[in-house]
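Listing of query_7.cif, mmCIF, C-alpha atoms
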data_target
#
loop_
_atom_site.group_PDB
_atom_site.id
_atom_site.type_symbol
_atom_site.label_atom_id
_atom_site.label_comp_id
_atom_site.auth_asym_id
_atom_site.auth_seq_id
_atom_site.Cartn_x
_atom_site.Cartn_y
_atom_site.Cartn_z
ATOM 1 C CA MET C 1 111.173 91.873 56.254
ATOM 2 C CA ARG C 2 111.109 88.147 56.013
ATOM 3 C CA VAL C 3 108.392 86.012 57.592
ATOM 4 C CA PRO C 4 109.310 82.449 58.371
ATOM 5 C CA LEU C 5 107.333 79.890 56.402
ATOM 6 C CA HIS C 6 106.057 78.018 59.482
ATOM 7 C CA ARG C 7 104.564 81.233 60.909
ATOM 8 C CA LEU C 8 102.845 82.027 57.613
ATOM 9 C CA ALA C 9 101.348 78.499 57.460
ATOM 10 C CA ALA C 10 100.157 78.783 61.082
ATOM 11 C CA ALA C 11 98.464 82.125 60.389
ATOM 12 C CA ALA C 12 96.728 80.701 57.289
ATOM 13 C CA ALA C 13 95.515 77.641 59.229
ATOM 14 C CA ALA C 14 94.163 79.862 62.028
ATOM 15 C CA ALA C 15 92.285 82.041 59.522
ATOM 16 C CA LEU C 16 90.814 78.941 57.869
ATOM 17 C CA LEU C 17 89.723 77.558 61.232
ATOM 18 C CA VAL C 18 87.970 80.788 62.192
ATOM 19 C CA ALA C 19 86.192 80.990 58.805
ATOM 20 C CA SER C 20 84.962 77.383 58.928
ATOM 21 C CA ALA C 21 83.742 77.704 62.523
ATOM 22 C CA SER C 22 81.538 80.673 61.677
ATOM 23 C CA THR C 23 79.813 78.873 58.773
ATOM 24 C CA ALA C 24 79.293 75.691 60.785
ATOM 25 C CA GLN C 25 77.566 77.629 63.532
ATOM 26 C CA ALA C 26 75.062 79.143 61.095
ATOM 27 C CA GLN C 27 73.924 75.721 59.862
ATOM 28 C CA GLY C 28 73.529 73.969 63.195
ATOM 29 C CA LYS C 29 70.284 72.868 64.857
ATOM 30 C CA GLY C 30 68.010 75.632 65.970
ATOM 31 C CA HIS C 31 69.631 78.319 63.859
ATOM 32 C CA GLY C 32 67.416 80.107 61.411
ATOM 33 C CA LYS C 33 64.011 78.968 62.744
ATOM 34 C CA GLU C 34 63.094 82.527 63.609
ATOM 35 C CA GLN C 35 63.477 83.382 59.953
ATOM 36 C CA LYS C 36 61.209 80.487 58.837
ATOM 37 C CA SER C 37 58.330 81.580 61.039
ATOM 38 C CA ALA C 38 58.740 85.194 59.923
ATOM 39 C CA GLN C 39 58.645 84.123 56.274
ATOM 40 C CA ALA C 40 55.607 81.884 56.902
ATOM 41 C CA ASP C 41 53.722 84.719 58.602
ATOM 42 C CA ALA C 42 54.590 87.055 55.742
ATOM 43 C CA ARG C 43 53.078 84.749 53.106
ATOM 44 C CA GLY C 44 50.135 83.552 55.227
ATOM 45 C CA ASP C 45 51.446 79.994 55.540
ATOM 46 C CA ASP C 46 50.391 78.294 58.755
ATOM 47 C CA ARG C 47 52.357 75.055 58.409
ATOM 48 C CA HIS C 48 54.961 76.212 60.933
ATOM 49 C CA ARG C 49 52.505 77.722 63.415
ATOM 50 C CA ASP C 50 51.850 76.137 66.766
ATOM 51 C CA ASP C 51 48.178 77.022 67.169
ATOM 52 C CA ARG C 52 45.965 74.798 65.039
ATOM 53 C CA ARG C 53 42.677 76.619 65.593
ATOM 54 C CA VAL C 54 42.616 77.380 61.872
ATOM 55 C CA TYR C 55 41.774 73.730 61.131
ATOM 56 C CA ASP C 56 39.180 73.204 63.888
ATOM 57 C CA ASN C 57 36.107 74.440 62.045
ATOM 58 C CA ARG C 58 36.034 72.225 58.953
ATOM 59 C CA GLY C 59 32.914 72.262 56.861
ATOM 60 C CA GLU C 60 31.884 71.112 53.425
ATOM 61 C CA HIS C 61 33.175 74.368 51.941
ATOM 62 C CA ASP C 62 36.744 73.461 52.931
ATOM 63 C CA PRO C 63 38.501 71.963 49.852
ATOM 64 C CA ARG C 64 40.808 69.891 52.061
ATOM 65 C CA TYR C 65 37.885 67.965 53.503
ATOM 66 C CA ASP C 66 35.547 66.014 51.258
ATOM 67 C CA ARG C 67 32.928 63.693 52.745
ATOM 68 C CA ALA C 68 32.436 61.826 49.445
ATOM 69 C CA ARG C 69 35.985 60.435 49.514
ATOM 70 C CA GLU C 70 35.970 59.441 53.157
ATOM 71 C CA GLY C 71 37.765 56.115 53.571
ATOM 72 C CA VAL C 72 39.205 56.078 50.025
ATOM 73 C CA PRO C 73 43.004 56.401 49.845
ATOM 74 C CA PRO C 74 44.197 59.545 48.032
ATOM 75 C CA GLY C 75 45.646 57.731 45.009
ATOM 76 C CA LEU C 76 42.394 55.846 44.346
ATOM 77 C CA ALA C 77 40.014 58.768 44.425
ATOM 78 C CA LYS C 78 40.313 60.136 40.881
ATOM 79 C CA LYS C 79 39.705 57.206 38.520
ATOM 80 C CA GLY C 80 36.834 55.451 40.254
ATOM 81 C CA GLY C 81 38.846 53.552 42.844
ATOM 82 C CA LEU C 82 41.713 52.370 40.630
ATOM 83 C CA PRO C 83 45.365 52.760 41.545
ATOM 84 C CA PRO C 84 47.255 55.145 39.248
ATOM 85 C CA GLY C 85 49.273 52.349 37.635
ATOM 86 C CA LEU C 86 46.143 50.438 36.560
ATOM 87 C CA ALA C 87 44.088 53.427 35.474
ATOM 88 C CA LYS C 88 45.462 53.268 31.910
ATOM 89 C CA LYS C 89 45.426 49.460 31.592
ATOM 90 C CA PRO C 90 42.549 47.819 29.688
ATOM 91 C CA GLY C 91 39.722 47.057 32.073
ATOM 92 C CA GLY C 92 41.783 48.376 34.966
ATOM 93 C CA MET C 93 43.329 44.936 35.341
ATOM 94 C CA PRO C 94 46.984 44.032 35.890
ATOM 95 C CA PRO C 95 48.861 42.549 32.924
ATOM 96 C CA GLY C 96 48.093 38.869 32.480
ATOM 97 C CA GLN C 97 44.692 39.027 34.192
ATOM 98 C CA TYR C 98 42.743 40.819 31.501
ATOM 99 C CA LYS C 99 41.077 38.639 28.861
ATOM 100 C CA LYS C 100 41.096 40.171 25.419
ATOM 101 C CA VAL C 101 37.901 39.605 23.459
ATOM 102 C CA TYR C 102 38.522 39.020 19.755
ATOM 103 C CA SER C 103 35.999 39.545 17.002
ATOM 104 C CA THR C 104 35.260 36.831 14.450
ATOM 105 C CA HIS C 105 36.954 38.973 11.792
ATOM 106 C CA GLN C 106 40.191 39.005 13.833
ATOM 107 C CA GLY C 107 39.950 35.238 14.367
ATOM 108 C CA ALA C 108 39.409 34.664 10.626
ATOM 109 C CA SER C 109 42.422 36.833 9.852
ATOM 110 C CA VAL C 110 44.656 34.813 12.188
ATOM 111 C CA LEU C 111 43.261 31.549 10.779
ATOM 112 C CA SER C 112 43.964 32.714 7.197
ATOM 113 C CA ASP C 113 47.520 33.648 8.175
ATOM 114 C CA VAL C 114 48.167 30.253 9.814
ATOM 115 C CA LEU C 115 46.674 28.401 6.832
ATOM 116 C CA GLY C 116 48.873 30.351 4.422
ATOM 117 C CA ARG C 117 52.012 29.694 6.485
ATOM 118 C CA ARG C 118 51.279 25.951 6.567
ATOM 119 C CA GLY C 119 50.967 25.673 2.791
ATOM 120 C CA TYR C 120 47.190 25.851 2.377
ATOM 121 C CA THR C 121 45.745 28.244 -0.188
ATOM 122 C CA VAL C 122 43.096 30.568 1.237
ATOM 123 C CA VAL C 123 40.448 31.074 -1.431
ATOM 124 C CA ARG C 124 38.317 33.727 0.292
ATOM 125 C CA SER C 125 36.754 34.887 3.545
ATOM 126 C CA ALA C 126 33.063 35.682 3.835
ATOM 127 C CA ASP C 127 30.966 37.268 6.544
ATOM 128 C CA ALA C 128 27.967 35.175 7.594
ATOM 129 C CA GLY C 129 26.027 37.095 10.230
ATOM 130 C CA THR C 130 27.846 36.729 13.538
ATOM 131 C CA SER C 131 30.187 34.077 12.089
ATOM 132 C CA GLU C 132 32.943 34.291 9.516
ATOM 133 C CA TYR C 133 33.674 31.650 6.861
ATOM 134 C CA VAL C 134 37.217 31.008 5.616
ATOM 135 C CA TYR C 135 37.413 28.959 2.423
ATOM 136 C CA TYR C 136 40.728 27.200 1.844
ATOM 137 C CA ARG C 137 42.067 24.563 -0.559
ATOM 138 C CA ASP C 138 42.989 21.249 1.069
ATOM 139 C CA ARG C 139 46.157 19.295 0.151
ATOM 140 C CA ASP C 140 43.991 17.048 -2.053
ATOM 141 C CA GLY C 141 42.745 20.071 -4.014
ATOM 142 C CA ARG C 142 39.247 20.166 -2.493
ATOM 143 C CA ILE C 143 37.859 23.442 -1.166
ATOM 144 C CA ARG C 144 37.020 23.314 2.558
ATOM 145 C CA ARG C 145 35.128 25.786 4.709
ATOM 146 C CA ALA C 146 36.324 26.705 8.207
ATOM 147 C CA ILE C 147 33.846 28.501 10.451
ATOM 148 C CA VAL C 148 34.848 31.097 13.039
ATOM 149 C CA SER C 149 31.977 31.878 15.406
ATOM 150 C CA PRO C 150 31.755 33.816 18.669
ATOM 151 C CA GLY C 151 31.633 31.889 21.933
ATOM 152 C CA THR C 152 30.896 32.890 25.504
ATOM 153 C CA ASP C 153 34.481 33.761 26.427
ATOM 154 C CA ARG C 154 36.555 32.836 23.314
ATOM 155 C CA LEU C 155 36.080 32.190 19.612
ATOM 156 C CA ARG C 156 34.988 28.775 18.322
ATOM 157 C CA PHE C 157 36.640 27.245 15.274
ATOM 158 C CA SER C 158 34.948 24.483 13.251
ATOM 159 C CA ASN C 159 36.327 22.324 10.407
ATOM 160 C CA VAL C 160 39.958 23.247 11.124
ATOM 161 C CA PRO C 161 42.665 20.536 11.292
ATOM 162 C CA SER C 162 43.785 20.024 14.914
ATOM 163 C CA PRO C 163 47.473 21.013 14.495
ATOM 164 C CA LEU C 164 46.371 24.250 12.846
ATOM 165 C CA LEU C 165 43.714 24.823 15.499
ATOM 166 C CA SER C 166 46.237 24.609 18.329
ATOM 167 C CA GLU C 167 48.474 27.155 16.568
ATOM 168 C CA VAL C 168 45.561 29.549 15.961
ATOM 169 C CA ILE C 169 44.460 29.342 19.589
ATOM 170 C CA SER C 170 48.018 29.829 20.862
ATOM 171 C CA ARG C 171 48.388 32.953 18.701
ATOM 172 C CA LEU C 172 45.092 34.416 19.862
ATOM 173 C CA TYR C 173 45.074 33.482 23.540
#
Have the structure of the file written as structure tokens, please.
Amino acid sequence: MRVPLHRLAAAAAAALLVASASTAQAQGKGHGKEQKSAQADARGDDRHRDDRRVYDNRGEHDPRYDRAREGVPPGLAKKGGLPPGLAKKPGGMPPGQYKKVYSTHQGASVLSDVLGRRGYTVVRSADAGTSEYVYYRDRDGRIRRAIVSPGTDRLRFSNVPSPLLSEVISRLY
């Protein structure tokens, strides 16, 4: 028994149409909501319930309601009022707004490096209380003393040639 090819193709197309129509109906709007509410009731979840009397009697024992954080956005509550992106930054400040405070030892180290790169010989560095002395040999062969001392907001450098001073300050700040 031979079946013509066009009848076989028509039967296959009809079967495909019936199969696709049944799956499309199952995914349409409104289908399956009965199952969601049954699952929510089974696990005690009241997100899909219509009566909200569960939330009416809030007290301080309710973990979803905290009077101490009233008015503070949720992302700012953990780290003392800082957004999550700034919580790990130094001082809680955005990049470029935080001033780094250098010690006199760090300033003397940068000054010694700049002096060495410019051809001066650094003889020694000495700690002098809150200040730091850097002894270097001048181009004439004389030993000079540069003083690095703390200031109110940045380090102060004394007895340093001006071109070197501008390079030291640009490297620090």
>> I'd like the residues picked by the PyMOL selection byres ((chain C and resi 168) around 12) written out as a list in words, using the chain letters and numbers from the file.
In response: Gln106, Gly107, Ala108, Ser109, Val110, Leu111, Ser112, Asp113, Val114, Leu115, Arg117, Arg118, Val148, Leu155, Arg156, Phe157, Val160, Pro161, Ser162, Pro163, Leu164, Leu165, Ser166, Glu167, Ile169, Ser170, Arg171, Leu172 and Tyr173 of chain C
>> Take the PyMOL selection byres ((chain C and resi 154) around 9), run it mentally on this structure, and tell me the resulting residues as a PyMOL selection string.
In response: chain C and resi 100-102+150-153+155-156+173
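What separates CA of Tyr120 in chain C from CA of Arg139 in chain C is a distance of 7.0 Å.
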Could you pull the residues within 10 Å of Ala128 in chain C, counting only C-alpha atoms, minus those fewer than 4 positions along the same chain, as a compact mmCIF listing (two decimals) with C-alpha atoms, keeping the file's coordinate frame?
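Result went into out21.txt, see below:
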# COMPACT_ATOMS: atom_id res chain seq x y z
CA GLU C 132 32.94 34.29 9.52
CA TYR C 133 33.67 31.65 6.86
CA ILE C 147 33.85 28.50 10.45
CA VAL C 148 34.85 31.10 13.04
CA SER C 149 31.98 31.88 15.41
>> I'd like the neighbourhood of Val123 in chain C as JSON, numbers by chain, where a residue qualifies if any of its atoms comes within 9 Å (using only C-alpha atoms), though same-chain residues fewer than 3 positions away should be ignored.
In response: {"C": [134, 135, 136, 137, 143]}
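The shortest atom-to-atom distance to Arg124 in chain C, with all atoms listed in the file taken into account, belongs to C:Ala146 out of C:Ala146, C:Leu82, C:Thr104, C:Leu16.
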> How far is it from CA of Thr130 in chain C to CA of Gly116 in chain C, in Å with one decimal?
Replying inline: 23.8 Å
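A straight line drawn from CA of Ser20 in chain C to CA of Leu5 in chain C is 22.7 Å long.
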Box time for range 120-133 of chain C: axis-aligned, enclosing all its listed atoms, 5 Å extra on each side; report centre and edge lengths in Å to one decimal, as AutoDock Vina command-line options.
--center_x 36.6 --center_y 31.6 --center_z 6.1 --size_x 31.2 --size_y 21.4 --size_z 25.0
